[in-house]
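> Contents are CSV, C-alpha atoms; file name run_9.csv:
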chain,number,residue,atom,x,y,z
A,25,MET,CA,19.3,-35.5,10.7
A,26,ALA,CA,22.3,-33.5,12.0
A,27,GLU,CA,23.5,-34.3,15.5
A,28,HIS,CA,22.1,-31.2,17.2
A,29,GLY,CA,19.0,-30.8,15.0
A,30,PRO,CA,18.2,-28.0,12.5
A,31,VAL,CA,18.5,-24.4,13.4
A,32,LEU,CA,16.2,-21.7,11.9
A,33,CYS,CA,17.6,-18.2,11.8
A,34,VAL,CA,15.7,-15.0,10.9
A,35,ARG,CA,17.9,-11.9,10.6
A,36,PRO,CA,17.1,-9.2,11.7
A,37,SER,CA,14.6,-10.6,14.2
A,38,SER,CA,13.1,-7.1,14.7
A,39,CYS,CA,13.0,-4.4,12.1
A,40,LEU,CA,10.9,-2.2,9.9
A,41,VAL,CA,8.5,-3.9,7.5
A,42,ASP,CA,10.5,-2.8,4.4
A,43,VAL,CA,13.9,-4.0,5.6
A,44,ARG,CA,15.2,-7.1,3.8
A,45,THR,CA,15.2,-10.1,6.0
A,46,GLU,CA,17.3,-13.2,5.7
A,47,VAL,CA,15.8,-16.6,6.5
A,48,GLU,CA,18.2,-19.5,6.7
A,49,VAL,CA,18.0,-23.1,8.0
A,50,LYS,CA,21.3,-24.9,9.0
A,51,ARG,CA,22.3,-28.3,10.3
A,52,LEU,CA,20.1,-30.2,7.9
A,53,PRO,CA,21.2,-33.4,6.1
A,54,ALA,CA,22.6,-32.7,2.6
A,55,ASP,CA,20.0,-32.8,-0.3
A,56,TYR,CA,17.2,-32.8,2.3
A,57,LYS,CA,13.6,-31.7,1.3
A,58,VAL,CA,12.0,-29.2,3.6
A,59,THR,CA,9.2,-26.7,3.6
A,60,LEU,CA,9.6,-23.2,5.1
A,61,HIS,CA,6.3,-21.7,6.4
A,62,ALA,CA,5.5,-18.2,7.7
A,63,LEU,CA,2.4,-17.5,9.7
A,64,LEU,CA,0.9,-14.4,11.3
A,65,ARG,CA,-2.4,-13.4,12.9
A,66,SER,CA,-3.8,-10.0,11.9
A,67,GLU,CA,-5.5,-7.6,14.3
A,68,ASP,CA,-8.8,-8.7,12.7
A,69,GLY,CA,-8.2,-12.2,13.9
A,70,ASP,CA,-7.4,-13.7,10.5
A,71,ASP,CA,-4.4,-16.1,9.9
A,72,TRP,CA,-2.2,-15.4,7.0
A,73,GLU,CA,0.5,-17.8,5.7
A,74,ALA,CA,3.2,-18.3,3.0
A,75,SER,CA,5.4,-21.3,2.2
A,76,GLY,CA,8.3,-22.3,0.0
A,77,ARG,CA,9.6,-25.8,-0.7
A,78,TYR,CA,13.4,-26.2,-0.7
A,79,THR,CA,16.1,-28.8,-0.9
A,80,SER,CA,19.3,-28.3,1.2
A,81,ASP,CA,22.7,-27.9,-0.3
A,82,SER,CA,25.7,-30.2,0.3
A,83,SER,CA,26.4,-28.4,3.7
A,84,GLY,CA,22.8,-29.0,4.9
A,85,THR,CA,21.8,-25.3,4.5
A,86,VAL,CA,18.8,-23.6,3.0
A,87,ASN,CA,19.0,-19.8,2.4
A,88,VAL,CA,15.9,-18.2,1.1
A,89,SER,CA,17.8,-15.3,-0.4
A,90,ARG,CA,20.0,-17.7,-2.4
A,91,ASP,CA,18.1,-20.9,-3.1
A,92,LYS,CA,15.2,-21.5,-5.4
A,93,SER,CA,11.7,-22.3,-4.0
A,94,LEU,CA,10.4,-25.4,-5.9
A,95,GLY,CA,6.8,-24.6,-5.0
A,96,GLY,CA,4.4,-23.2,-2.4
A,97,THR,CA,3.0,-19.7,-2.5
A,98,PHE,CA,6.0,-18.6,-4.7
A,99,GLU,CA,8.7,-20.1,-6.8
A,100,GLY,CA,12.3,-19.3,-7.7
A,101,VAL,CA,14.8,-17.2,-5.8
A,102,GLU,CA,12.7,-14.8,-3.8
A,103,GLY,CA,14.4,-13.5,-0.7
A,104,MET,CA,11.3,-11.9,0.7
A,105,GLY,CA,8.9,-14.4,-0.8
A,106,LEU,CA,7.7,-15.6,2.7
A,107,PHE,CA,6.5,-12.1,3.3
A,108,TRP,CA,5.0,-10.8,0.0
A,109,SER,CA,3.3,-14.0,-1.0
A,110,MET,CA,1.2,-14.3,2.3
A,111,ARG,CA,-2.4,-15.0,1.9
A,112,PRO,CA,-5.3,-16.0,4.1
A,113,VAL,CA,-5.2,-19.6,5.3
A,114,PRO,CA,-7.5,-21.9,3.2
A,115,GLU,CA,-10.3,-22.1,5.8
A,116,SER,CA,-10.6,-18.3,6.0
A,117,LYS,CA,-13.7,-16.4,5.1
A,118,PRO,CA,-13.6,-14.8,1.6
A,119,GLY,CA,-12.6,-11.1,1.1
A,120,ARG,CA,-10.0,-10.9,3.8
A,121,ARG,CA,-7.7,-7.9,3.8
A,122,PHE,CA,-4.5,-7.5,5.8
A,123,ARG,CA,-4.2,-4.1,7.5
A,124,LYS,CA,-2.2,-2.9,10.5
A,125,LYS,CA,-4.4,-0.8,12.8
A,126,ASP,CA,-2.1,-0.1,15.8
A,127,VAL,CA,1.3,1.0,14.5
A,128,GLN,CA,2.6,1.1,18.0
A,129,THR,CA,2.8,-2.7,18.1
A,130,PRO,CA,4.7,-5.0,15.7
A,131,VAL,CA,3.5,-7.6,13.2
A,132,LYS,CA,4.7,-10.9,14.7
A,133,VAL,CA,5.6,-13.6,12.2
A,134,MET,CA,6.2,-17.2,13.1
A,135,PHE,CA,8.6,-19.0,10.9
A,136,SER,CA,8.8,-22.8,10.9
A,137,VAL,CA,10.6,-25.5,8.9
A,138,TYR,CA,9.0,-28.8,8.2
A,139,GLU,CA,10.3,-32.1,6.9
A,140,GLY,CA,9.3,-32.9,3.3
A,141,HIS,CA,7.6,-30.8,0.7
A,142,LEU,CA,4.2,-29.9,2.1
A,143,ALA,CA,1.3,-28.1,0.4
A,144,ARG,CA,-1.1,-27.6,3.4
A,145,GLY,CA,-2.1,-29.0,6.8
A,146,PHE,CA,0.9,-27.4,8.6
A,147,LYS,CA,-1.0,-27.5,11.9
A,148,GLN,CA,-1.0,-31.3,11.7
A,149,HIS,CA,2.8,-31.5,11.5
A,150,VAL,CA,5.5,-30.9,14.1
A,151,PRO,CA,8.1,-28.4,12.9
A,152,LEU,CA,11.8,-29.3,12.9
A,153,ALA,CA,12.6,-25.7,14.2
A,154,SER,CA,10.8,-22.4,14.6
A,155,ALA,CA,11.7,-18.7,15.1
A,156,THR,CA,9.7,-15.5,15.6
A,157,ALA,CA,10.3,-12.1,14.0
A,158,GLU,CA,8.8,-8.7,14.6
A,159,ARG,CA,8.0,-6.3,11.8
A,160,TRP,CA,7.4,-2.6,12.7
A,161,TYR,CA,5.8,0.3,10.8
A,162,LEU,CA,7.0,2.7,13.4
A,163,ALA,CA,10.7,3.3,14.2
A,164,PRO,CA,11.9,4.1,17.7
A,165,GLU,CA,11.7,7.8,18.6
A,166,VAL,CA,9.2,8.7,15.8
A,167,GLN,CA,6.6,10.9,17.4
A,168,ARG,CA,2.9,10.1,16.9
A,169,VAL,CA,0.7,13.1,17.5
A,170,GLU,CA,-3.1,13.3,17.4
A,171,VAL,CA,-4.3,16.3,15.4
A,172,THR,CA,-7.6,17.9,16.2
A,173,GLU,CA,-6.8,21.5,15.6
A,174,ALA,CA,-7.7,23.7,12.7
A,175,GLU,CA,-10.9,21.6,12.3
A,176,ILE,CA,-9.0,18.7,10.8
A,177,LYS,CA,-8.7,15.1,12.1
A,178,GLY,CA,-5.6,13.0,11.6
A,179,THR,CA,-2.4,11.7,13.0
A,180,LEU,CA,0.9,13.4,12.5
A,181,PHE,CA,4.1,11.4,12.5
A,182,ILE,CA,7.4,13.3,13.1
A,183,PRO,CA,10.9,11.8,12.6
A,184,PRO,CA,13.5,12.2,15.3
A,185,GLY,CA,15.9,15.1,14.9
A,186,SER,CA,15.7,18.9,14.6
A,187,GLY,CA,14.5,19.0,11.0
A,188,PRO,CA,13.1,20.6,9.0
A,189,PHE,CA,12.0,17.6,7.0
A,190,PRO,CA,10.1,17.0,3.8
A,191,ALA,CA,6.5,16.2,4.4
A,192,VAL,CA,3.6,14.2,3.0
A,193,LEU,CA,-0.1,14.7,3.2
A,194,ASP,CA,-1.3,11.1,3.2
A,195,LEU,CA,-4.8,10.4,1.8
A,196,TRP,CA,-6.0,6.8,2.1
A,197,GLY,CA,-8.8,5.2,0.2
A,198,GLY,CA,-12.6,4.7,0.4
A,199,GLN,CA,-12.6,2.3,3.4
A,200,GLY,CA,-12.8,5.4,5.5
A,201,GLY,CA,-11.5,6.0,9.0
A,202,ARG,CA,-7.9,6.8,9.8
A,203,VAL,CA,-5.2,4.5,8.3
A,204,GLU,CA,-1.8,5.2,9.9
A,205,TYR,CA,0.7,2.6,8.8
A,206,ARG,CA,1.9,4.2,5.6
A,207,SER,CA,2.5,7.6,7.4
A,208,ALA,CA,4.2,5.8,10.2
A,209,LEU,CA,6.6,4.1,7.8
A,210,LEU,CA,7.2,7.4,5.9
A,211,ALA,CA,8.2,9.1,9.2
A,212,SER,CA,10.5,6.2,10.0
A,213,HIS,CA,12.4,7.1,6.8
A,214,GLY,CA,12.6,10.8,7.5
A,215,TYR,CA,9.3,12.4,6.3
A,216,VAL,CA,6.9,14.3,8.4
A,217,SER,CA,3.6,12.6,7.4
A,218,LEU,CA,-0.1,13.5,8.2
A,219,ALA,CA,-2.5,10.6,7.9
A,220,LEU,CA,-5.7,12.6,7.3
A,221,GLU,CA,-9.1,11.3,8.1
A,222,TYR,CA,-11.7,12.4,5.6
A,223,MET,CA,-14.1,9.6,4.7
A,224,GLY,CA,-17.0,8.5,6.8
A,225,MET,CA,-16.9,11.5,9.0
A,226,LEU,CA,-20.1,12.3,11.0
A,227,THR,CA,-21.7,15.6,12.1
A,228,ALA,CA,-22.6,16.3,15.7
A,229,GLU,CA,-26.0,14.9,14.9
A,230,GLY,CA,-24.5,11.6,13.6
A,231,LYS,CA,-25.1,12.2,10.0
A,232,LEU,CA,-22.6,11.5,7.2
A,233,HIS,CA,-20.6,14.6,6.3
A,234,HIS,CA,-18.7,15.0,3.0
A,235,VAL,CA,-15.8,17.4,3.6
A,236,ASP,CA,-15.1,20.0,0.9
A,237,ASN,CA,-11.8,21.1,-0.6
A,238,THR,CA,-11.3,23.6,2.1
A,239,TYR,CA,-10.8,20.8,4.5
A,240,PHE,CA,-7.9,19.4,2.5
A,241,GLU,CA,-6.5,22.9,1.9
A,242,THR,CA,-6.5,23.5,5.7
A,243,ALA,CA,-4.7,20.2,6.2
A,244,PHE,CA,-2.0,21.0,3.6
A,245,THR,CA,-1.5,24.5,5.1
A,246,PHE,CA,-1.3,23.0,8.6
A,247,LEU,CA,1.5,20.6,7.4
A,248,GLN,CA,3.3,23.3,5.4
A,249,LYS,CA,3.4,25.7,8.4
A,250,HIS,CA,4.6,23.0,10.9
A,251,PRO,CA,8.0,24.1,12.4
A,252,LYS,CA,9.5,20.7,11.6
A,253,VAL,CA,8.5,20.9,7.9
A,254,ARG,CA,10.2,22.4,4.9
A,255,PRO,CA,7.4,24.4,3.4
A,256,ASP,CA,8.8,24.0,-0.1
A,257,ARG,CA,9.1,20.2,0.1
A,258,VAL,CA,5.5,19.0,0.8
A,259,ALA,CA,4.0,16.2,-1.3
A,260,VAL,CA,0.4,14.8,-1.5
A,261,MET,CA,0.0,11.0,-1.7
A,262,GLY,CA,-3.3,9.3,-2.6
A,263,MET,CA,-4.3,5.7,-2.5
A,264,SER,CA,-7.4,4.3,-4.3
A,265,PHE,CA,-10.2,6.8,-3.7
A,266,GLY,CA,-7.6,9.1,-2.4
A,267,VAL,CA,-6.2,9.4,-5.9
A,268,SER,CA,-9.4,11.1,-7.1
A,269,VAL,CA,-9.1,13.5,-4.3
A,270,THR,CA,-5.4,14.1,-4.8
A,271,LEU,CA,-5.7,14.8,-8.6
A,272,GLY,CA,-8.7,17.0,-8.3
A,273,LEU,CA,-7.3,18.9,-5.4
A,274,THR,CA,-3.8,19.5,-6.8
A,275,GLY,CA,-5.1,20.2,-10.2
A,276,TYR,CA,-7.5,23.0,-9.2
A,277,SER,CA,-6.7,24.4,-5.8
A,278,GLU,CA,-4.8,27.7,-5.6
A,279,ILE,CA,-3.6,26.8,-2.1
A,280,VAL,CA,-2.4,23.2,-2.4
A,281,LYS,CA,0.7,23.5,-4.5
A,282,PRO,CA,2.8,20.4,-3.7
A,283,ARG,CA,6.3,19.7,-4.7
A,284,CYS,CA,5.1,16.4,-6.1
A,285,VAL,CA,2.1,14.0,-6.2
A,286,VAL,CA,2.1,10.3,-5.8
A,287,CYS,CA,-0.9,8.3,-6.9
A,288,VAL,CA,-1.3,4.6,-6.1
A,289,SER,CA,-4.0,2.2,-7.6
A,290,GLY,CA,-6.5,4.9,-8.3
A,291,SER,CA,-8.4,6.4,-11.2
A,292,HIS,CA,-7.8,9.5,-13.3
A,293,ILE,CA,-11.5,9.6,-14.3
A,294,ILE,CA,-13.0,12.1,-11.9
A,295,PRO,CA,-15.5,15.0,-12.3
A,296,LEU,CA,-13.8,18.2,-13.5
A,297,LYS,CA,-13.4,20.7,-10.6
A,298,GLY,CA,-15.6,18.4,-8.5
A,299,SER,CA,-15.7,18.2,-4.7
A,300,LEU,CA,-15.4,15.1,-2.7
A,301,ALA,CA,-19.2,14.7,-2.8
A,302,ASP,CA,-19.2,15.1,-6.6
A,303,VAL,CA,-16.6,12.3,-6.9
A,304,TYR,CA,-18.6,10.1,-4.6
A,305,ALA,CA,-21.8,10.8,-6.4
A,306,ALA,CA,-20.2,10.0,-9.8
A,307,LEU,CA,-19.1,6.6,-8.5
A,308,GLN,CA,-22.5,5.8,-7.0
A,309,GLN,CA,-24.1,6.3,-10.4
A,310,ASN,CA,-22.3,3.2,-11.7
A,311,ILE,CA,-22.4,1.2,-8.5
A,312,ASP,CA,-24.3,-1.6,-10.3
A,313,LYS,CA,-21.2,-2.2,-12.4
A,314,ILE,CA,-19.2,-3.6,-9.5
A,315,ARG,CA,-18.2,-7.3,-10.1
A,316,TYR,CA,-16.7,-10.1,-8.0
A,317,ASP,CA,-14.3,-12.8,-9.1
A,318,GLU,CA,-14.5,-16.5,-8.1
A,319,LYS,CA,-12.8,-15.7,-4.7
A,320,LYS,CA,-15.3,-12.9,-3.9
A,321,ARG,CA,-12.7,-10.2,-4.5
A,322,ILE,CA,-14.2,-6.9,-5.7
A,323,ILE,CA,-13.5,-5.7,-9.3
A,324,TRP,CA,-13.9,-2.0,-9.5
A,325,ARG,CA,-12.7,-1.5,-13.1
A,326,ASP,CA,-16.1,-1.2,-14.8
A,327,LEU,CA,-17.2,1.4,-12.2
A,328,LEU,CA,-15.0,4.0,-14.0
A,329,LEU,CA,-15.6,3.1,-17.6
A,330,PRO,CA,-16.1,4.0,-20.4
A,331,VAL,CA,-13.4,6.8,-20.6
A,332,PRO,CA,-15.2,10.0,-21.5
A,333,ASP,CA,-15.0,11.1,-25.2
A,334,ASP,CA,-16.3,14.6,-24.7
A,335,PRO,CA,-13.3,17.0,-24.8
A,336,SER,CA,-14.9,19.3,-22.3
A,337,LYS,CA,-14.6,16.6,-19.7
A,338,LYS,CA,-10.9,16.1,-20.2
A,339,VAL,CA,-7.9,17.8,-18.7
A,340,LYS,CA,-5.0,18.5,-21.2
A,341,TRP,CA,-1.7,16.9,-20.1
A,342,TRP,CA,1.7,17.0,-21.7
A,343,CYS,CA,3.4,13.6,-22.3
A,344,PHE,CA,6.8,13.9,-20.7
A,345,GLY,CA,8.2,10.5,-21.4
A,346,GLU,CA,7.7,6.8,-21.4
A,347,GLU,CA,9.9,4.0,-20.2
A,348,ARG,CA,9.1,0.3,-19.9
A,349,ARG,CA,5.4,-0.1,-18.9
A,350,PHE,CA,5.4,3.1,-16.8
A,351,LEU,CA,4.1,6.3,-18.2
A,352,THR,CA,5.5,9.5,-16.7
A,353,VAL,CA,3.2,12.5,-17.2
A,354,GLU,CA,3.9,16.2,-16.3
A,355,LEU,CA,0.7,18.1,-15.5
A,356,ARG,CA,1.4,21.8,-16.0
A,357,ARG,CA,-0.6,23.9,-13.6
A,358,SER,CA,1.3,26.9,-12.3
A,359,PRO,CA,4.9,28.2,-12.5
A,360,GLY,CA,7.3,26.4,-10.3
A,361,THR,CA,5.1,23.4,-9.7
A,362,LYS,CA,5.4,20.0,-11.3
A,363,LEU,CA,3.1,17.0,-10.7
A,364,TRP,CA,4.2,13.6,-11.6
A,365,LEU,CA,1.7,10.8,-12.2
A,366,PHE,CA,2.7,7.2,-12.8
A,367,LEU,CA,0.2,4.9,-14.5
A,368,ARG,CA,0.7,1.2,-14.7
A,369,SER,CA,-1.3,-1.8,-15.9
A,370,ILE,CA,-1.5,-4.1,-12.9
A,371,SER,CA,-4.0,-6.3,-11.1
A,372,MET,CA,-4.6,-6.0,-7.4
A,373,THR,CA,-5.9,-8.7,-5.0
A,374,THR,CA,-9.0,-6.7,-4.1
A,375,ALA,CA,-9.4,-4.6,-7.3
A,376,GLU,CA,-8.4,-4.4,-10.9
A,377,THR,CA,-6.8,-1.1,-12.0
A,378,LEU,CA,-7.5,0.3,-15.4
A,379,HIS,CA,-5.7,-1.4,-18.3
A,380,THR,CA,-3.6,1.7,-19.0
A,381,GLU,CA,-2.2,0.7,-22.4
A,382,ARG,CA,-5.7,0.0,-23.7
A,383,HIS,CA,-7.2,3.3,-22.8
A,384,LEU,CA,-4.2,5.7,-23.3
A,385,GLU,CA,-5.3,6.5,-26.9
A,386,LYS,CA,-8.6,7.9,-25.5
A,387,LEU,CA,-6.7,10.5,-23.4
A,388,TYR,CA,-5.6,13.8,-25.0
A,389,TRP,CA,-1.9,14.3,-24.9
A,390,THR,CA,-1.3,17.8,-26.5
Please express the file's structure as structure tokens.

Amino acid sequence: MAEHGPVLCVRPSSCLVDVRTEVEVKRLPADYKVTLHALLRSEDGDDWEASGRYTSDSSGTVNVSRDKSLGGTFEGVEGMGLFWSMRPVPESKPGRRFRKKDVQTPVKVMFSVYEGHLARGFKQHVPLASATAERWYLAPEVQRVEVTEAEIKGTLFIPPGSGPFPAVLDLWGGQGGRVEYRSALLASHGYVSLALEYMGMLTAEGKLHHVDNTYFETAFTFLQKHPKVRPDRVAVMGMSFGVSVTLGLTGYSEIVKPRCVVCVSGSHIIPLKGSLADVYAALQQNIDKIRYDEKKRIIWRDLLLPVPDDPSKKVKWWCFGEERRFLTVELRRSPGTKLWLFLRSISMTTAETLHTERHLEKLYWT
């Protein structure tokens, strides 16, 4: 071992979650086997970890951005592998999901380097060196404002500066509540973003209330008229169940005319001209089709199949272009407005998206 012992460096030690971070170990013996380990505790009290196995170079250095991981939760040269490959520790309960609730505090990640190539049992070993890094969703000087006016509920994030800025109406998925971390990060990069609460809302009597399209139109108008927002540069972004809301809303509303639409891990199969309640009811009809994999992760795919064959239940889209495995589609709806939808065949840890290539022939491209 080097005279003064190994040194573990994480640069930057505090930054936004999407900033590339360099992890490096110095002062190791040459050709020395080590395991780098990252550990964090979520706000739900769950521990998440990632690891990579390395061999130091002739100068006794391991650089994660340069060197190949020989095993662990990822392999090869993956500069951010210790972040993106994180998973619940082996003793965790099944079905864990990482989510940041309080964007005003950082995610704290503990990095450690251990002697040898380890697979598990890190708590039973003493690290050669350790370092802590902070990952933020909210940049300094971004304003976080509770919104309760105009009968909408949400959190508005405003970048520093005089503006006006482009804006995003942020619609999260079916877990309900108010999810802020995506809007916080968007504002940290110069977008005014409204994290809108719309699922699981209760009436004064405590009964579940499904908001109608007027609610989303009010939210869009509120955002569009904000003094820090460019009214001609407002987007709508949907995630999971929020995709159904986004596509239905932007396809039929005469008020919501966004500059663009972003849809992530959702479904294009929704009731034509349906309200939020109609979409929810359609999903409930097939609730018995939900499956689980061997790790108790939910598979939603069958909930949305089969793709309808009835032409009256289809929206006619124009194929604009295709590149690699992404399909770019332009949905023509009114003069001056273009909607862009990206479909990709991928698998998520908590749900399987539609196998796009398999079902594209069932959609009408005219």
> In Å, with one decimal, what is the gap from CA of Glu158 in chain A to CA of Leu142 in chain A?
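Separating CA of Glu158 in chain A from CA of Leu142 in chain A is a distance of 25.0 Å.
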> Which is closest to Tyr78 in chain A among A:Val137, A:Cys284, A:Leu64, A:Val34, if we use only C-alpha atoms?
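With only C-alpha atoms as the atom set, the closest residue is A:Val137.
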> Pick from A:Leu329, A:Ala219, A:Val113, A:Cys33: nearest to Trp196 in chain A, with only C-alpha atoms counted?
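Using only C-alpha atoms, Trp196 in chain A sits closest to A:Ala219.
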> Between A:Arg144, A:Val285, A:Glu67, A:Val203, which is the closest to Arg120 in chain A once you count only C-alpha atoms?
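Answer, going by the shortest atom-to-atom distance: A:Glu67.
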> Fewer than 2 positions away in the same chain doesn't count, so skip those; otherwise give me all residues within 7 Å of range 170-177 of chain A, counting only C-alpha atoms, as a list in words.
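Non-adjacent residues within range: Arg168, Thr179, Leu180, Leu220, Glu221, Tyr239 and Ala243 of chain A.
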> In Å, with one decimal, what is the gap from CA of Val192 in chain A to CA of Trp324 in chain A?
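Separating CA of Val192 in chain A from CA of Trp324 in chain A is a distance of 26.9 Å.
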> Using only C-alpha atoms, find the one residue out of A:Asp256, A:Gln167, A:His250, A:Gly197 that sits nearest to Gly214 in chain A.
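Closest residue, counting only C-alpha atoms: A:Gln167.
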> Would you please work out which residue, of A:Ala163, A:Pro53, A:Glu46, A:Thr85, is nearest to Glu102 in chain A when using all atoms listed in the file?
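Distance minimum relative to Glu102 in chain A lands on A:Glu46.
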> Need the shell around Ala155 in chain A: protein/DNA/RNA residues with any atom at most 9 Å away, counting only C-alpha atoms. Skip same-chain ones fewer than 6 positions apart. Format as JSON, numbers by chain?
{"A": [32, 33, 34, 37, 133, 134, 135, 136]}
> Leu152 in chain A: which residues within 7 Å, counting all atoms listed in the file, same-chain residues fewer than 4 positions away excluded, as a list in words?
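Surrounding residues, per the criterion: Pro30, Val137, Tyr138 and Glu139 of chain A.
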